[in-house]
$ cat start.cif   # mmCIF, C-alpha atoms and all ligand atoms
data_entry
loop_
_atom_site.group_PDB
_atom_site.id
_atom_site.type_symbol
_atom_site.label_atom_id
_atom_site.label_comp_id
_atom_site.auth_asym_id
_atom_site.auth_seq_id
_atom_site.Cartn_x
_atom_site.Cartn_y
_atom_site.Cartn_z
ATOM 1 C CA MET A 1 -197.401 55.241 196.688
ATOM 2 C CA LEU A 2 -198.633 51.675 196.556
ATOM 3 C CA ASP A 3 -199.044 49.754 193.299
ATOM 4 C CA VAL A 4 -201.566 46.978 192.811
ATOM 5 C CA CYS A 5 -201.792 44.653 189.831
ATOM 6 C CA LEU A 6 -204.095 41.795 188.921
ATOM 7 C CA LEU A 7 -201.870 39.148 187.341
ATOM 8 C CA GLY A 8 -204.630 36.746 186.429
ATOM 9 C CA CYS A 9 -208.412 37.031 186.501
ATOM 10 C CA GLY A 10 -209.461 33.507 185.618
ATOM 11 C CA GLY A 11 -211.186 30.992 187.868
ATOM 12 C CA SER A 12 -211.053 27.195 187.430
ATOM 13 C CA MET A 13 -209.357 27.109 184.028
ATOM 14 C CA PRO A 14 -207.230 29.573 182.055
ATOM 15 C CA ILE A 15 -208.527 30.765 178.697
ATOM 16 C CA PRO A 16 -206.629 32.673 175.981
ATOM 17 C CA GLY A 17 -205.861 36.135 177.339
ATOM 18 C CA ARG A 18 -206.878 35.259 180.883
ATOM 19 C CA ASN A 19 -204.441 33.615 183.305
ATOM 20 C CA LEU A 20 -205.482 32.022 186.543
ATOM 21 C CA THR A 21 -205.851 33.932 189.771
ATOM 22 C CA ALA A 22 -203.024 36.006 191.214
ATOM 23 C CA MET A 23 -202.430 39.582 192.291
ATOM 24 C CA ILE A 24 -199.413 41.549 193.455
ATOM 25 C CA VAL A 25 -198.859 44.589 195.637
ATOM 26 C CA SER A 26 -195.700 46.689 195.583
ATOM 27 C CA TYR A 27 -194.666 49.247 198.178
ATOM 28 C CA GLN A 28 -191.249 50.930 198.390
ATOM 29 C CA GLY A 29 -189.995 48.279 195.975
ATOM 30 C CA ARG A 30 -191.018 45.354 198.216
ATOM 31 C CA LYS A 31 -193.586 42.934 196.826
ATOM 32 C CA LEU A 32 -196.363 40.758 198.174
ATOM 33 C CA LEU A 33 -198.071 38.176 195.988
ATOM 34 C CA ILE A 34 -201.488 36.641 196.652
ATOM 35 C CA ASP A 35 -202.197 33.309 194.956
ATOM 36 C CA CYS A 36 -200.157 31.949 192.079
ATOM 37 C CA GLY A 37 -202.248 30.264 189.418
ATOM 38 C CA GLU A 38 -200.909 29.065 186.074
ATOM 39 C CA GLY A 39 -199.667 31.964 183.976
ATOM 40 C CA THR A 40 -198.630 34.148 186.923
ATOM 41 C CA GLN A 41 -195.062 34.238 185.620
ATOM 42 C CA VAL A 42 -196.192 35.311 182.160
ATOM 43 C CA SER A 43 -197.993 38.321 183.578
ATOM 44 C CA LEU A 44 -195.084 39.162 185.873
ATOM 45 C CA LYS A 45 -192.722 39.056 182.904
ATOM 46 C CA ILE A 46 -194.909 41.386 180.823
ATOM 47 C CA LEU A 47 -195.403 43.682 183.803
ATOM 48 C CA GLY A 48 -191.643 43.909 184.348
ATOM 49 C CA TRP A 49 -191.726 44.235 188.139
ATOM 50 C CA LYS A 50 -188.711 42.812 189.985
ATOM 51 C CA ILE A 51 -189.761 39.334 191.068
ATOM 52 C CA ARG A 52 -186.588 39.094 193.098
ATOM 53 C CA ASN A 53 -188.283 41.448 195.566
ATOM 54 C CA ILE A 54 -191.238 39.177 196.301
ATOM 55 C CA ASP A 55 -190.909 38.789 200.074
ATOM 56 C CA VAL A 56 -194.270 37.206 200.852
ATOM 57 C CA ILE A 57 -196.650 34.849 199.071
ATOM 58 C CA LEU A 58 -200.152 34.393 200.498
ATOM 59 C CA PHE A 59 -202.426 31.546 199.475
ATOM 60 C CA THR A 60 -206.176 31.810 199.850
ATOM 61 C CA HIS A 61 -206.715 28.051 199.455
ATOM 62 C CA PHE A 62 -205.446 25.011 197.661
ATOM 63 C CA HIS A 63 -207.586 24.576 194.606
ATOM 64 C CA ALA A 64 -205.198 24.167 191.677
ATOM 65 C CA ASP A 65 -206.292 27.406 189.977
ATOM 66 C CA HIS A 66 -204.695 29.304 192.893
ATOM 67 C CA ILE A 67 -201.410 27.472 193.393
ATOM 68 C CA ALA A 68 -200.234 25.475 190.365
ATOM 69 C CA GLY A 69 -197.914 28.292 189.235
ATOM 70 C CA LEU A 70 -195.797 28.149 192.385
ATOM 71 C CA PRO A 71 -192.912 25.752 191.549
ATOM 72 C CA GLY A 72 -192.030 27.580 188.323
ATOM 73 C CA LEU A 73 -192.136 30.932 190.065
ATOM 74 C CA LEU A 74 -189.864 29.700 192.872
ATOM 75 C CA LEU A 75 -187.323 28.602 190.255
ATOM 76 C CA THR A 76 -187.481 31.919 188.418
ATOM 77 C CA ILE A 77 -187.000 33.800 191.693
ATOM 78 C CA ALA A 78 -183.973 31.561 192.319
ATOM 79 C CA ASN A 79 -182.570 32.521 188.901
ATOM 80 C CA SER A 80 -183.093 36.178 189.713
ATOM 81 C CA GLY A 81 -180.381 35.917 192.364
ATOM 82 C CA ARG A 82 -182.506 36.165 195.468
ATOM 83 C CA LEU A 83 -180.845 34.874 198.634
ATOM 84 C CA GLU A 84 -183.145 36.311 201.315
ATOM 85 C CA PRO A 85 -185.879 34.047 202.711
ATOM 86 C CA ILE A 86 -189.457 34.143 201.400
ATOM 87 C CA THR A 87 -192.454 33.758 203.704
ATOM 88 C CA ILE A 88 -195.375 31.712 202.404
ATOM 89 C CA ILE A 89 -198.664 31.835 204.312
ATOM 90 C CA GLY A 90 -201.673 29.622 203.663
ATOM 91 C CA PRO A 91 -204.298 27.325 205.165
ATOM 92 C CA TYR A 92 -203.678 24.036 206.916
ATOM 93 C CA GLY A 93 -201.977 21.684 204.450
ATOM 94 C CA LEU A 94 -199.488 24.348 203.308
ATOM 95 C CA ILE A 95 -196.438 22.441 204.540
ATOM 96 C CA LYS A 96 -197.471 19.227 202.777
ATOM 97 C CA ILE A 97 -198.386 21.007 199.542
ATOM 98 C CA VAL A 98 -195.308 23.233 199.273
ATOM 99 C CA THR A 99 -193.075 20.297 200.197
ATOM 100 C CA GLY A 100 -194.738 18.297 197.409
ATOM 101 C CA LEU A 101 -194.418 21.052 194.813
ATOM 102 C CA LYS A 102 -190.782 21.621 195.784
ATOM 103 C CA VAL A 103 -189.935 18.132 194.543
ATOM 104 C CA ILE A 104 -189.775 19.737 191.074
ATOM 105 C CA ALA A 105 -187.902 22.792 192.360
ATOM 106 C CA PRO A 106 -185.534 21.019 194.738
ATOM 107 C CA VAL A 107 -182.589 23.387 194.977
ATOM 108 C CA LEU A 108 -183.334 26.979 195.875
ATOM 109 C CA PRO A 109 -180.669 29.457 197.019
ATOM 110 C CA TYR A 110 -183.050 31.027 199.544
ATOM 111 C CA SER A 111 -185.019 29.507 202.389
ATOM 112 C CA ILE A 112 -188.802 29.349 202.612
ATOM 113 C CA GLU A 113 -190.593 30.092 205.863
ATOM 114 C CA LEU A 114 -194.009 28.492 205.969
ATOM 115 C CA VAL A 115 -196.833 29.867 208.113
ATOM 116 C CA GLU A 116 -199.750 27.443 208.265
ATOM 117 C CA LEU A 117 -203.125 28.822 209.359
ATOM 118 C CA HIS A 118 -205.258 26.500 211.440
ATOM 119 C CA GLY A 119 -208.912 26.684 212.371
ATOM 120 C CA LYS A 120 -211.218 29.585 211.773
ATOM 121 C CA GLU A 121 -209.688 32.345 213.828
ATOM 122 C CA LYS A 122 -208.528 35.725 212.607
ATOM 123 C CA TYR A 123 -204.803 36.096 212.186
ATOM 124 C CA PHE A 124 -202.334 38.923 211.895
ATOM 125 C CA GLN A 125 -198.814 38.949 210.495
ATOM 126 C CA LYS A 126 -196.449 41.834 209.931
ATOM 127 C CA ILE A 127 -193.840 41.320 207.239
ATOM 128 C CA GLY A 128 -191.729 44.309 206.278
ATOM 129 C CA TYR A 129 -194.043 47.193 205.415
ATOM 130 C CA PHE A 130 -197.066 44.926 205.104
ATOM 131 C CA ASN A 131 -199.579 44.435 207.907
ATOM 132 C CA ILE A 132 -201.500 41.333 206.900
ATOM 133 C CA ASN A 133 -204.941 40.660 208.373
ATOM 134 C CA ILE A 134 -206.390 37.244 207.683
ATOM 135 C CA LEU A 135 -209.994 36.019 207.870
ATOM 136 C CA SER A 136 -211.394 32.528 207.366
ATOM 137 C CA VAL A 137 -214.086 32.528 204.645
ATOM 138 C CA ASP A 138 -216.737 30.122 203.338
ATOM 139 C CA HIS A 139 -215.578 28.009 200.374
ATOM 140 C CA GLY A 140 -216.065 24.370 201.321
ATOM 141 C CA ILE A 141 -212.364 23.807 201.983
ATOM 142 C CA PRO A 142 -210.203 25.954 204.312
ATOM 143 C CA CYS A 143 -209.942 29.347 202.629
ATOM 144 C CA PHE A 144 -208.820 32.784 203.796
ATOM 145 C CA ALA A 145 -209.362 36.384 202.737
ATOM 146 C CA TYR A 146 -206.473 38.812 203.166
ATOM 147 C CA SER A 147 -206.335 42.493 203.886
ATOM 148 C CA ILE A 148 -203.064 44.320 203.415
ATOM 149 C CA ASP A 149 -202.474 47.522 205.320
ATOM 150 C CA VAL A 150 -199.618 49.893 204.762
ATOM 151 C CA GLN A 151 -199.170 52.404 207.535
ATOM 152 C CA ARG A 152 -198.342 56.000 206.935
ATOM 153 C CA ASN A 153 -195.611 57.668 208.971
ATOM 154 C CA ARG A 154 -196.676 60.472 211.273
ATOM 155 C CA LYS A 155 -195.546 63.901 210.165
ATOM 156 C CA PHE A 156 -192.523 65.500 211.862
ATOM 157 C CA TYR A 157 -193.002 69.044 213.204
ATOM 158 C CA ARG A 158 -189.848 71.050 213.788
ATOM 159 C CA GLU A 159 -191.797 73.748 215.703
ATOM 160 C CA LYS A 160 -193.206 71.111 218.032
ATOM 161 C CA ALA A 161 -189.725 69.711 218.726
ATOM 162 C CA LEU A 162 -188.422 73.206 219.483
ATOM 163 C CA LYS A 163 -191.411 74.073 221.670
ATOM 164 C CA ASN A 164 -190.933 70.861 223.684
ATOM 165 C CA LYS A 165 -187.190 71.616 223.977
ATOM 166 C CA VAL A 166 -186.161 68.296 222.434
ATOM 167 C CA PRO A 167 -182.395 68.196 221.788
ATOM 168 C CA LEU A 168 -181.635 68.080 218.067
ATOM 169 C CA ILE A 169 -179.642 64.836 218.379
ATOM 170 C CA PHE A 170 -182.832 62.955 219.380
ATOM 171 C CA TRP A 171 -185.053 64.194 216.545
ATOM 172 C CA SER A 172 -184.397 61.416 214.090
ATOM 173 C CA LYS A 173 -184.788 58.611 216.676
ATOM 174 C CA LEU A 174 -188.054 60.076 217.950
ATOM 175 C CA GLN A 175 -189.236 60.400 214.376
ATOM 176 C CA LYS A 176 -188.684 56.648 213.983
ATOM 177 C CA GLY A 177 -190.956 56.055 216.989
ATOM 178 C CA GLU A 178 -188.312 55.429 219.649
ATOM 179 C CA GLU A 179 -188.483 56.829 223.189
ATOM 180 C CA ILE A 180 -185.364 58.306 224.777
ATOM 181 C CA LYS A 181 -184.579 58.710 228.479
ATOM 182 C CA GLN A 182 -181.983 61.266 229.550
ATOM 183 C CA GLY A 183 -181.618 61.615 233.308
ATOM 184 C CA ASP A 184 -185.203 61.861 234.627
ATOM 185 C CA LYS A 185 -186.407 63.360 231.378
ATOM 186 C CA LEU A 186 -188.320 61.113 228.961
ATOM 187 C CA TYR A 187 -188.589 62.172 225.320
ATOM 188 C CA THR A 188 -191.441 60.569 223.381
ATOM 189 C CA PRO A 189 -192.368 60.573 219.666
ATOM 190 C CA ASP A 190 -195.485 62.623 220.543
ATOM 191 C CA MET A 191 -193.182 65.544 221.354
ATOM 192 C CA VAL A 192 -192.125 65.889 217.709
ATOM 193 C CA LEU A 193 -194.800 64.153 215.637
ATOM 194 C CA GLY A 194 -198.320 65.014 214.491
ATOM 195 C CA HIS A 195 -201.347 62.746 214.883
ATOM 196 C CA GLY A 196 -201.631 59.335 213.173
ATOM 197 C CA ARG A 197 -202.519 59.452 209.488
ATOM 198 C CA ARG A 198 -204.645 57.070 207.498
ATOM 199 C CA GLY A 199 -202.677 54.379 205.661
ATOM 200 C CA LEU A 200 -203.754 52.336 202.651
ATOM 201 C CA LYS A 201 -205.816 49.162 202.684
ATOM 202 C CA ILE A 202 -206.165 46.567 199.939
ATOM 203 C CA SER A 203 -208.474 43.599 200.530
ATOM 204 C CA TYR A 204 -208.683 40.393 198.564
ATOM 205 C CA CYS A 205 -211.296 37.656 198.741
ATOM 206 C CA THR A 206 -211.527 34.692 196.430
ATOM 207 C CA ASP A 207 -213.118 32.159 196.611
ATOM 208 C CA SER A 208 -216.042 32.456 199.033
ATOM 209 C CA ARG A 209 -219.723 32.960 199.646
ATOM 210 C CA PRO A 210 -220.547 36.411 201.054
ATOM 211 C CA GLY A 211 -220.821 36.902 204.819
ATOM 212 C CA ARG A 212 -221.271 39.502 207.540
ATOM 213 C CA GLU A 213 -217.730 39.047 208.838
ATOM 214 C CA LEU A 214 -216.331 39.682 205.383
ATOM 215 C CA VAL A 215 -218.067 43.076 205.254
ATOM 216 C CA GLU A 216 -216.418 44.106 208.534
ATOM 217 C CA PHE A 217 -213.089 42.703 207.388
ATOM 218 C CA VAL A 218 -212.900 44.721 204.154
ATOM 219 C CA LYS A 219 -214.429 47.863 205.720
ATOM 220 C CA GLU A 220 -213.283 51.084 204.057
ATOM 221 C CA SER A 221 -210.676 49.416 201.842
ATOM 222 C CA ASP A 222 -209.115 51.621 199.200
ATOM 223 C CA ILE A 223 -209.427 48.691 196.815
ATOM 224 C CA PHE A 224 -211.514 45.588 197.443
ATOM 225 C CA ILE A 225 -210.673 42.783 195.031
ATOM 226 C CA CYS A 226 -213.386 40.161 195.088
ATOM 227 C CA GLU A 227 -214.319 37.095 193.151
ATOM 228 C CA GLY A 228 -217.155 37.359 190.688
ATOM 229 C CA MET A 229 -217.349 33.841 189.343
ATOM 230 C CA TYR A 230 -220.614 34.562 187.532
ATOM 231 C CA GLY A 231 -221.997 37.845 186.254
ATOM 232 C CA ASP A 232 -225.563 36.733 185.664
ATOM 233 C CA ASP A 233 -227.920 36.935 188.655
ATOM 234 C CA GLU A 234 -229.597 33.784 187.376
ATOM 235 C CA LYS A 235 -226.431 31.828 188.175
ATOM 236 C CA LYS A 236 -226.883 32.462 191.901
ATOM 237 C CA HIS A 237 -227.949 28.865 192.585
ATOM 238 C CA LYS A 238 -224.691 27.714 190.965
ATOM 239 C CA ALA A 239 -222.688 30.187 193.039
ATOM 240 C CA ILE A 240 -224.351 28.839 196.168
ATOM 241 C CA SER A 241 -223.668 25.193 195.368
ATOM 242 C CA TYR A 242 -220.019 25.752 194.365
ATOM 243 C CA LYS A 243 -219.428 28.321 197.136
ATOM 244 C CA HIS A 244 -218.687 31.272 194.886
ATOM 245 C CA MET A 245 -220.219 34.717 194.349
ATOM 246 C CA ILE A 246 -222.080 36.461 191.592
ATOM 247 C CA PHE A 247 -221.241 40.080 190.680
ATOM 248 C CA SER A 248 -224.204 41.533 192.560
ATOM 249 C CA GLU A 249 -223.225 39.762 195.789
ATOM 250 C CA ALA A 250 -219.694 41.169 195.611
ATOM 251 C CA ALA A 251 -221.193 44.608 194.958
ATOM 252 C CA VAL A 252 -223.392 44.381 198.072
ATOM 253 C CA ILE A 253 -220.302 43.678 200.196
ATOM 254 C CA ALA A 254 -218.479 46.638 198.589
ATOM 255 C CA LYS A 255 -221.423 48.923 199.283
ATOM 256 C CA GLU A 256 -221.976 47.846 202.881
ATOM 257 C CA ALA A 257 -218.250 47.992 203.627
ATOM 258 C CA GLU A 258 -218.035 51.486 202.093
ATOM 259 C CA VAL A 259 -214.934 50.651 200.081
ATOM 260 C CA GLU A 260 -213.505 53.087 197.524
ATOM 261 C CA GLU A 261 -213.342 50.680 194.583
ATOM 262 C CA LEU A 262 -214.435 47.155 193.793
ATOM 263 C CA TRP A 263 -212.381 45.100 191.354
ATOM 264 C CA LEU A 264 -214.035 41.901 190.211
ATOM 265 C CA THR A 265 -211.881 38.901 189.336
ATOM 266 C CA HIS A 266 -211.854 35.073 189.205
ATOM 267 C CA PHE A 267 -214.257 34.733 186.300
ATOM 268 C CA SER A 268 -215.735 31.422 185.212
ATOM 269 C CA PRO A 269 -214.179 30.172 181.939
ATOM 270 C CA SER A 270 -217.758 29.977 180.627
ATOM 271 C CA MET A 271 -218.021 33.768 180.950
ATOM 272 C CA ILE A 272 -216.024 35.048 177.982
ATOM 273 C CA GLU A 273 -217.199 38.673 178.308
ATOM 274 C CA PRO A 274 -217.566 39.583 182.002
ATOM 275 C CA GLN A 275 -217.982 43.217 180.916
ATOM 276 C CA ALA A 276 -221.434 42.295 179.581
ATOM 277 C CA TYR A 277 -222.665 41.890 183.174
ATOM 278 C CA ILE A 278 -221.044 44.931 184.762
ATOM 279 C CA GLU A 279 -224.370 46.709 185.313
ATOM 280 C CA ASN A 280 -225.433 43.937 187.695
ATOM 281 C CA ALA A 281 -222.683 45.183 189.998
ATOM 282 C CA LYS A 282 -222.762 48.889 189.132
ATOM 283 C CA ASN A 283 -226.469 49.156 189.924
ATOM 284 C CA ILE A 284 -225.512 48.341 193.511
ATOM 285 C CA PHE A 285 -221.973 49.723 193.778
ATOM 286 C CA LYS A 286 -221.065 52.319 191.187
ATOM 287 C CA ASN A 287 -217.295 52.242 191.454
ATOM 288 C CA THR A 288 -216.905 48.686 190.115
ATOM 289 C CA ILE A 289 -214.202 47.616 187.700
ATOM 290 C CA ILE A 290 -214.125 44.369 185.737
ATOM 291 C CA GLY A 291 -210.637 43.001 186.309
ATOM 292 C CA GLN A 292 -208.320 42.237 183.444
ATOM 293 C CA ASP A 293 -204.947 40.569 183.442
ATOM 294 C CA ARG A 294 -202.314 43.176 184.273
ATOM 295 C CA TYR A 295 -204.781 45.836 185.290
ATOM 296 C CA VAL A 296 -202.577 48.137 187.405
ATOM 297 C CA LYS A 297 -203.296 51.047 189.645
ATOM 298 C CA SER A 298 -201.097 53.223 191.853
ATOM 299 C CA ILE A 299 -202.700 54.712 194.916
ATOM 300 C CA ASN A 300 -201.418 57.442 197.169
ATOM 301 C CA PHE A 301 -201.933 58.358 200.790
ATOM 302 C CA LYS A 302 -204.705 60.900 201.179
ATOM 303 C CA GLU A 303 -204.088 64.238 202.810
HETATM 304 ZN ZN ZN I 401 -210.708 29.408 192.345
HETATM 305 ZN ZN ZN I 402 -211.674 27.487 194.987
#

$ encode --input "start.cif" --output "structure tokens"
Amino acid sequence: MLDVCLLGCGGSMPIPGRNLTAMIVSYQGRKLLIDCGEGTQVSLKILGWKIRNIDVILFTHFHADHIAGLPGLLLTIANSGRLEPITIIGPYGLIKIVTGLKVIAPVLPYSIELVELHGKEKYFQKIGYFNINILSVDHGIPCFAYSIDVQRNRKFYREKALKNKVPLIFWSKLQKGEEIKQGDKLYTPDMVLGHGRRGLKISYCTDSRPGRELVEFVKESDIFICEGMYGDDEKKHKAISYKHMIFSEAAVIAKEAEVEELWLTHFSPSMIEPQAYIENAKNIFKNTIIGQDRYVKSINFKE
């Protein structure tokens, strides 16, 4: 089971009841955070998830609404007793920015590994259980969308192991994906395991204009979390000039990418009631949810 939570759904400026952008994924107790706007810690505290287990922090870009919560969070993680390193990934400028923010969080008991993304290529990182795909998107300054994949283990078949005459002592190693050579005989995981099974995929894009590559990138996500800066279709010109999206544009991506669910987030502070515009998205993609701070969902592997 994988848990996903929106920690903050505000864009640009926090308003009462709406923190700035952040979301968190939890799998087998390990945590991955994307963005860390002001108020992220407040939501984490209310949520009650172990922040000590945040192993990775991903930054989409360096507008303040996505990163200003970082120094406080690093200090709180330090107070939680964490000693293991944390990996932080973000666009070019990450090293300078994190080094600057760390001036007010100078002594941390754990190390920080920084992965700076250059240019406009696609990237891949594997950290713990999380396969992280990274795509450059269109926001005026370097900005990346992330897609988190969690793989599902292949099923072990006792009958298959017996039929292939695999010695019992090798079963557990083969189950973990190792190959074993004994004399001229090679034992492979295929001799005891079933076919590959679909994992889980969570995609996250804020802030950006829509684009063809983004559709391919979020294809068949279980949850696609996307910015919806404005709900009203009449604000499209504004979305274009500030390089954001309106609800209906996010919904078109969700539809074309055949995702399971669309969660809208990163709302303009001028939009007090995003719910009022939900039909603009639902008319295009039915399974749309208006994000709210601490909206949580647990998803399971499908049979
Ligand atoms: Zn933003
Ligand atoms: Zn931005």

$ residues_around --input "start.cif" --residues "Ile104 in chain A" --least-positions-apart "3" --cutoff "12 Å" --atoms "all atoms listed in the file" --output "ChimeraX atom specification"
/A:68-75,98-101,107-108

$ write_last_selection --input "start.cif" --atoms "C-alpha atoms" --output "PDB file, in the coordinates of the input"
ATOM      1  CA  ALA A  68    -200.234  25.475 190.365  1.00  0.00           C
ATOM      2  CA  GLY A  69    -197.914  28.292 189.235  1.00  0.00           C
ATOM      3  CA  LEU A  70    -195.797  28.149 192.385  1.00  0.00           C
ATOM      4  CA  PRO A  71    -192.912  25.752 191.549  1.00  0.00           C
ATOM      5  CA  GLY A  72    -192.030  27.580 188.323  1.00  0.00           C
ATOM      6  CA  LEU A  73    -192.136  30.932 190.065  1.00  0.00           C
ATOM      7  CA  LEU A  74    -189.864  29.700 192.872  1.00  0.00           C
ATOM      8  CA  LEU A  75    -187.323  28.602 190.255  1.00  0.00           C
ATOM      9  CA  VAL A  98    -195.308  23.233 199.273  1.00  0.00           C
ATOM     10  CA  THR A  99    -193.075  20.297 200.197  1.00  0.00           C
ATOM     11  CA  GLY A 100    -194.738  18.297 197.409  1.00  0.00           C
ATOM     12  CA  LEU A 101    -194.418  21.052 194.813  1.00  0.00           C
ATOM     13  CA  VAL A 107    -182.589  23.387 194.977  1.00  0.00           C
ATOM     14  CA  LEU A 108    -183.334  26.979 195.875  1.00  0.00           C
TER      15      LEU A 108
END

$ resolve_selection --input "start.cif" --expression "the PyMOL selection byres (((chain A and resi 164) around 12) and not hetatm)" --output "PyMOL selection string"
chain A and resi 157-163+165-168+171+185-193

$ residues_near_ligand --input "start.cif" --ligand "ligand ZN 401 (chain I)" --cutoff "7 Å" --atoms "all atoms listed in the file" --output "PyMOL selection string"
chain A and resi 11-12+63+65-66+206-207+266

$ closest_residue --input "start.cif" --among "A:Gly48, A:Gly196, A:Gly17, A:Pro142" --to "Cys5 in chain A" --atoms "all atoms listed in the file"
A:Gly48

$ resolve_selection --input "start.cif" --expression "the PyMOL selection byres (((chain A and resi 220) around 12) and not hetatm)" --output "JSON, numbers by chain"
{"A": [147, 149, 198, 199, 200, 201, 202, 203, 214, 215, 216, 217, 218, 219, 221, 222, 223, 224, 253, 254, 255, 256, 257, 258, 259, 260, 261, 262]}

$ write_last_selection --input "start.cif" --atoms "C-alpha atoms" --output "CSV table (one decimal), keeping the file's coordinate frame"
chain,number,residue,atom,x,y,z
A,147,SER,CA,-206.3,42.5,203.9
A,149,ASP,CA,-202.5,47.5,205.3
A,198,ARG,CA,-204.6,57.1,207.5
A,199,GLY,CA,-202.7,54.4,205.7
A,200,LEU,CA,-203.8,52.3,202.7
A,201,LYS,CA,-205.8,49.2,202.7
A,202,ILE,CA,-206.2,46.6,199.9
A,203,SER,CA,-208.5,43.6,200.5
A,214,LEU,CA,-216.3,39.7,205.4
A,215,VAL,CA,-218.1,43.1,205.3
A,216,GLU,CA,-216.4,44.1,208.5
A,217,PHE,CA,-213.1,42.7,207.4
A,218,VAL,CA,-212.9,44.7,204.2
A,219,LYS,CA,-214.4,47.9,205.7
A,221,SER,CA,-210.7,49.4,201.8
A,222,ASP,CA,-209.1,51.6,199.2
A,223,ILE,CA,-209.4,48.7,196.8
A,224,PHE,CA,-211.5,45.6,197.4
A,253,ILE,CA,-220.3,43.7,200.2
A,254,ALA,CA,-218.5,46.6,198.6
A,255,LYS,CA,-221.4,48.9,199.3
A,256,GLU,CA,-222.0,47.8,202.9
A,257,ALA,CA,-218.2,48.0,203.6
A,258,GLU,CA,-218.0,51.5,202.1
A,259,VAL,CA,-214.9,50.7,200.1
A,260,GLU,CA,-213.5,53.1,197.5
A,261,GLU,CA,-213.3,50.7,194.6
A,262,LEU,CA,-214.4,47.2,193.8
